[in-house]
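Written below as structure tokens is the structure these notes are about.
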Amino acid sequence: MDVSTIINPLNDAQREAVSAPDRPILVLAGAGSGKTRVLVHRIAWQIQVMGLSPHNILAVTFTNKAAKEMRSRVEALLNIPTQAMWIGTFHGLAHRLLRRHARQANLPETFQVMDSSDQLRLIKRLLAGLSLDEAQWPPKQIQWYINGQKDEGVRAKHLPEGGDMFQRQMRVIYLAYEELCERSGLIDFAELLLRVHELLRDNPEVLAFYQLRFLQVHVDEFQDTNTIQYAWLRLLTTGRDNLFVVGDDDQSIYGWRGARIENIYNFQKHFPSHQLIKLEQNYRSTGNILSAANHIIANNDGRLGKQLWTDAGQGDLISLYAAFNEQDEAYFVVERIRSWISEGGLRNDIAILYRSNAQSRQFEERLMTTGVPYRVYGGLRFFDRAEIKNALAYLRLMSNRHDDASFERVVNVPTRGIGLKTVDDIRLVAREHGVSLWTAAVEMIGHNRLSGRARNALAGFLNLVEHLSALSVDLALFEKVKVVVELSGLLELYKNDKLERGEEKLENLEELVNAARLFDYAESGEDNLSELDMFLAHAALEAGDAQADEFDDCVQLMTLHSAKGLEFKLVFLVGMEEGLFPSMQSLDDPKRLEEERRLCYVGITRARRQLYLCYSESRKLYGRESYPRPSRFLREIPAETIQEVRLRAQISHSPAAVKANPAAALSESKFKLGQRVSHEKFGEGVVLQIEGDGSQEKVQINFKDAGLKWLMLAYAKLELL
DNA sequence: TTGTTCCAGCTTTTT
DNA sequence: GCTGGAACAA
């Protein structure tokens with residue numbers, strides 16, 4: 001193959017990035033500018049032109065999906081096998097490293113990964129053990145605290161001993177948490193990253209080995225890295241010019257879960273010899289859409305700075321729709337969707353994007369009643385489902401009896417007469433002796449420390465696990481899973497589940513057996529670990545898709561966050577209201593507001609051809625009617641790229657109002673939507689709509705007693721409240 | 001042990 | 001105003 005296949009499909013900036021000589025490289029890749037393409041071609045360049053072996057390539061992403069896509073595209077471009085390349089997520093790679101160096105990382109060989117819900121349960125148990133009140137010490141907050149510390153590389157022992165009550169208590173909890181994890185052989189997601197950092201930092205020979213192996217290190221979505229991830233990237237590339245990162249500071253939307261946008265800014269400081277390359281040509285959207293995106297993001301401070309452009313023309317205007325309420329919003333959107341479809345458009349090309357999941361309901365209902373197929377992203381993933389987690393808990397216990405989290409999970413599922421009291425007793429003994437629940441249970445049965453019935457029930461459970469374990473020793477993985485599902489009683493339990501979901505759960509359990517059958521042990525690349533353990537790790541690290549039917553042609557509903565990286569011909573960005581988007585919690589914090597703005601930028605740049613922005617003049621929020629103001633982001637979009645859509649009966653528009661920037665009209669009146677006013681005759685009310693300018697200005701007011709009224713401002717005596 | 005009632009909480013999500 | 005989880009009663 002010659003170099004032209006790698007280089008020819010690229011534009012100048014892309015080519016510069018792909019063929020750049022060895023030095024730290026930061027590619028600032030705007031939305032739709034071909035960032036994955038650059039990464040893939042860069043890897044190909046390293047192998048094809050620079051003569052590196054695939055063995056010497058490391059490429060890190062955040063999601064399994066991105067990793068898979070990168071691998072398959074490299075494979076397609078180079079037409080060589082890619083197993084030797086380390087392409088994976090930060091967590092996946094961390095897992096692999098820890099498996100290989102378990103001893104050096106001070107981990108038991110059979111350690112297992114727990115996901116966030118496992119972690120939360122563990123914390124709840126811990127609190128109970130410490131006799132702490134959950135109301136006073138919310139488990140979620142503790143989880144957030146511990147993960148936050150780990151993301152910054154801080155262990156419990158590093159925390160100062162003094163401090164206020166909160167700090168002292170958190171330290172105690174964090175210490176106890178680490179101890180419990182260690183005893184159970186469990187590590188959480190943040191721990192995966194932290195351990196790898198410590199492994200590389202404290203074992204020079206290990207670090208040297210990987211520095212020599214990974215001659216080129218590629219990072220996707222660099223703006224989403226947290227402190228510890230960046231720290232290990234720097235360790236791996238110390239003293240070499242082999243770090244190639246791709247990212248977009250304008251698309252950093254995960255600050256709230258530890259991502260440090262500063263990393264992308266500090267890159268230039270940390271690597272003075274770096275080269276910065278900007279990809280600004282956009283191959284996705286129309287000129288109008290890009291103009292809106294550029295103008296919005298320009299309101300953020302401290303950007304590295306980037307202007308997207310396209311040679312594809314202006315395209316259609318962006319449509320702005322002011323709905324009366326959220327039903328009206330859904331009605332409007334679905335009507336537009338129906339006409340798109342009736343004109344021959346694909347449903348797959350349509351997305352409804354919202355800030356918070358709760359907003360999906362209106363749209364779902366409307367789509368349902370009109371019979372338009374749709375798919376909601378988010379929600380429970382396959383391996384997150386209770387029935388699946390139960391089955392996995394049995395499997396985990398078979399692999400490691402001391403996995404307390406799994407023990408607690410299924411000791412009485414299905415119910416076998418082991419009540420809270422018994423479990424409490426076991427916990428107590430376990431804590432007293434500093435042993436696992438399993439060991440404590442065995443001891444208690446041996447020493448007759450339980451009442452007859454509880455004793456039998458508990459012995460039954462222990463025997464069941466031993467029995468399952470013995471029975472499945474020589475079976476293939478999927479047969480093991482099958483045995484567990486059938487003999488644990490789970491199958492029976494869900495069969496008798498009359499609450500309609502039972503059938504679905506049975507199907508899921510069958511699907512689990514199937515997943516085990518399809519699980520490719522060889523692909524996991526480890527041979528020092530049992531297939532079962534690898535499968536369990538796989539289940540934790542890759543939660544699976546929420547739905548299987550992605551091949552159907554249906555409208556896509558998702559949050560703005562989950563839309564990142566995707567594109568659609570027709571996009572509806574709904575709920576553009578202050579307090580919703582930007583969200584209430586972000587309104588008083590400039591940093592968070594900027595992140596919301598980036599989220600808006602992400603949303604807008606998902607659209608390829610047509611973009612609809614919607615806001616509602618009234619919306620039910622927590623059961624109460626609210627009258628939010630239109631989102632500030634609407635005002636940041638240039639007027640000439642927008643057209644206002646009105647479906648409702650027209651109130652005679654004054655010429656001034658028609659000509660005026662529809663977005664500007666939202667802001668220039670002395671009244672704001674939602675403003676509370678008082679009228680001498682009608683009493684108190686709330687402003688719902690504003691139309692016209694100057695002497696023509698009129699407002700629609702919803703009066704408490706008198707109902708809806710249109711009033712000319714020039715005549716009506718209104719007082720602001 | 002199960003079914004019911006009660007009550008807090010309520011952005012975003014991957015690993 | 002709805003939901004999920006925890007506390008409570010039978």
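Convention: chains lettered A, B, ... in structure tokens order; per-chain residue numbering from 1; ligands numbered from 1 as shown.
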Residues of chain A within 9 Å of chain C: nearest atom pair and distance (Å, one decimal) for each, counting only C-alpha atoms (C1' of nucleotides), sorted by chain and number, as JSON lines?
{"residue": "A:Lys620", "atom": "CA", "partner": "C:DG1", "partner_atom": "C1'", "distance": 9.0}
{"residue": "A:Leu621", "atom": "CA", "partner": "C:DG1", "partner_atom": "C1'", "distance": 8.4}
{"residue": "A:Tyr622", "atom": "CA", "partner": "C:DG1", "partner_atom": "C1'", "distance": 5.7}
{"residue": "A:Gly623", "atom": "CA", "partner": "C:DG1", "partner_atom": "C1'", "distance": 4.2}
{"residue": "A:Arg624", "atom": "CA", "partner": "C:DG1", "partner_atom": "C1'", "distance": 7.9}
For this session: Select all residues from chain B having any atom no more than 7 Å from an atom of chain A (counting only C-alpha atoms (C1' of nucleotides), ignoring ligands), output as a list in words.
Result: DT11, DT12, DT14 and DT15 of chain B
Using C-alpha atoms (C1' of nucleotides), can you export the residues from the last selection as a PDB file, in the first residue's frame?
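Saved result, again-v3.pdb, follows:
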ATOM      1  C1'  DT B  11     -29.285  17.538  35.784  1.00  0.00           C
ATOM      2  C1'  DT B  12     -26.026  15.523  32.877  1.00  0.00           C
ATOM      3  C1'  DT B  14     -19.097   6.202  31.386  1.00  0.00           C
ATOM      4  C1'  DT B  15     -16.226   3.361  33.017  1.00  0.00           C
TER       5       DT B  15
END
Problem set entry | Residues near Gly603 of chain A, cut-off 9 Å, only C-alpha atoms (C1' of nucleotides), skip fewer than 4 positions along chain, as a ChimeraX atom specification | /A:293,353-354,560-561,563-564,571,573,598-599,607
For this session: Within 7 Å of segment 672-688 of chain A, counting only C-alpha atoms (C1' of nucleotides), which residues show up once you throw out same-chain ones fewer than 5 positions away? Write them as a ChimeraX atom specification, please.
Result: /A:617,627-629,699-704,706,717-721
Exercise. Could you pull out all residues of segment 306-392 of chain A with a DSSP call of strand (DSSP E or B) and give them as a list of chain:residue names?
Worked result: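 Taking segment 306-392 of chain A and keeping strand (DSSP E or B) gives A:Trp309, A:Ile318, A:Ser319, A:Leu320, A:Tyr321, A:Ala322, A:Ala323, A:Ile350, A:Ala351, A:Ile352, A:Leu353, A:Tyr354, A:Tyr374, A:Arg375, A:Val376.
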Please produce a file of the residues just selected, as an mmCIF file, in the first residue's frame, where the atoms kept are C-alpha atoms.
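Wrote selection-v4.cif, looks like this:
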data_model
loop_
_atom_site.group_PDB
_atom_site.id
_atom_site.type_symbol
_atom_site.label_atom_id
_atom_site.label_comp_id
_atom_site.auth_asym_id
_atom_site.auth_seq_id
_atom_site.Cartn_x
_atom_site.Cartn_y
_atom_site.Cartn_z
ATOM 1 C CA TRP A 309 -16.478 26.923 8.585
ATOM 2 C CA ILE A 318 -32.751 27.648 11.897
ATOM 3 C CA SER A 319 -36.333 27.499 13.139
ATOM 4 C CA LEU A 320 -37.373 28.841 16.498
ATOM 5 C CA TYR A 321 -40.638 27.728 18.002
ATOM 6 C CA ALA A 322 -42.216 29.178 21.105
ATOM 7 C CA ALA A 323 -44.589 26.620 22.510
ATOM 8 C CA ILE A 350 -34.114 12.622 13.348
ATOM 9 C CA ALA A 351 -33.139 13.376 16.913
ATOM 10 C CA ILE A 352 -34.944 15.075 19.756
ATOM 11 C CA LEU A 353 -32.361 16.389 22.177
ATOM 12 C CA TYR A 354 -33.107 17.589 25.688
ATOM 13 C CA TYR A 374 -38.908 5.933 18.439
ATOM 14 C CA ARG A 375 -36.052 4.930 20.645
ATOM 15 C CA VAL A 376 -35.051 6.504 23.922
#
Problem set entry | Secondary structure check, helix (DSSP H, G or I) residues of segment 207-263 of chain A, as a PyMOL selection string | chain A and resi 207-213+222-224+227-236+249-251+255-257+262-263
Leaving out segment 404-411 of chain A and any residue of its chain fewer than 5 positions from it, which residues lie within 7 Å of it when counting only C-alpha atoms (C1' of nucleotides), given as a compact mmCIF listing (two decimals) with all heavy atoms, in the first residue's frame?
# COMPACT_ATOMS: atom_id res chain seq x y z
N LEU A 122 -22.28 -0.90 48.44
CA LEU A 122 -21.20 -1.16 49.38
C LEU A 122 -21.09 -0.03 50.40
O LEU A 122 -20.90 -0.25 51.59
CB LEU A 122 -19.89 -1.29 48.60
CG LEU A 122 -18.75 -2.00 49.32
CD1 LEU A 122 -18.55 -3.37 48.73
CD2 LEU A 122 -17.48 -1.21 49.22
N SER A 184 -12.73 -7.57 50.31
CA SER A 184 -13.63 -8.24 49.37
C SER A 184 -12.99 -8.47 48.01
O SER A 184 -13.61 -9.06 47.14
CB SER A 184 -14.90 -7.40 49.19
OG SER A 184 -15.48 -7.11 50.42
N ASN A 390 -28.11 -10.14 39.74
CA ASN A 390 -28.29 -11.26 40.66
C ASN A 390 -27.55 -12.50 40.16
O ASN A 390 -26.82 -13.14 40.91
CB ASN A 390 -29.77 -11.57 40.85
CG ASN A 390 -30.46 -10.51 41.68
OD1 ASN A 390 -29.80 -9.78 42.44
ND2 ASN A 390 -31.77 -10.40 41.56
N ALA A 393 -23.97 -12.07 40.53
CA ALA A 393 -23.52 -12.16 41.92
C ALA A 393 -23.24 -13.61 42.30
O ALA A 393 -22.25 -13.90 42.98
CB ALA A 393 -24.56 -11.55 42.85
N ARG A 396 -20.01 -14.47 40.74
CA ARG A 396 -18.88 -13.85 41.44
C ARG A 396 -18.55 -14.61 42.72
O ARG A 396 -17.39 -14.79 43.06
CB ARG A 396 -19.23 -12.41 41.80
CG ARG A 396 -19.15 -11.48 40.62
CD ARG A 396 -19.64 -10.10 41.00
NE ARG A 396 -19.31 -9.17 39.95
CZ ARG A 396 -18.63 -8.03 40.15
NH1 ARG A 396 -18.26 -7.69 41.34
NH2 ARG A 396 -18.34 -7.25 39.13
N LEU A 397 -19.58 -15.03 43.41
CA LEU A 397 -19.34 -15.78 44.64
C LEU A 397 -18.66 -17.11 44.33
O LEU A 397 -17.81 -17.58 45.08
CB LEU A 397 -20.67 -16.05 45.36
CG LEU A 397 -21.14 -14.93 46.28
CD1 LEU A 397 -22.46 -15.31 46.92
CD2 LEU A 397 -20.11 -14.65 47.37
N SER A 436 -14.63 -12.00 55.95
CA SER A 436 -15.71 -11.79 55.00
C SER A 436 -17.02 -12.38 55.53
O SER A 436 -17.01 -13.18 56.47
CB SER A 436 -15.37 -12.46 53.67
OG SER A 436 -15.34 -13.86 53.84
N LEU A 437 -18.10 -11.99 54.91
CA LEU A 437 -19.40 -12.50 55.32
C LEU A 437 -19.46 -14.01 55.16
O LEU A 437 -20.03 -14.72 55.99
CB LEU A 437 -20.51 -11.83 54.49
CG LEU A 437 -20.67 -10.33 54.69
CD1 LEU A 437 -21.67 -9.75 53.71
CD2 LEU A 437 -21.08 -10.01 56.12
N PHE A 461 -27.90 -21.97 51.59
CA PHE A 461 -27.31 -21.01 50.65
C PHE A 461 -25.83 -21.34 50.40
O PHE A 461 -25.38 -21.39 49.25
CB PHE A 461 -27.45 -19.59 51.19
CG PHE A 461 -26.75 -18.56 50.37
CD1 PHE A 461 -27.17 -18.26 49.09
CD2 PHE A 461 -25.64 -17.89 50.87
CE1 PHE A 461 -26.52 -17.31 48.32
CE2 PHE A 461 -24.98 -16.94 50.10
CZ PHE A 461 -25.42 -16.65 48.82
For this session: Return the single residue from A:Leu593, A:Cys614, A:Leu132, A:Ala67 that is closest to Asn325 of chain A, with distances computed using only C-alpha atoms.
Result: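 Ranked by minimum distance to Asn325 of chain A, first place goes to A:Cys614.
For the pair atom CA of Leu120 of chain A and atom CA of His197 of chain A, the interatomic distance is 23.7 Å.
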For this session: Grab the atom CA of Asp241 of chain A to atom CA of Ile6 of chain A distance for me, in Å with one decimal place.
Result: 22.0 Å
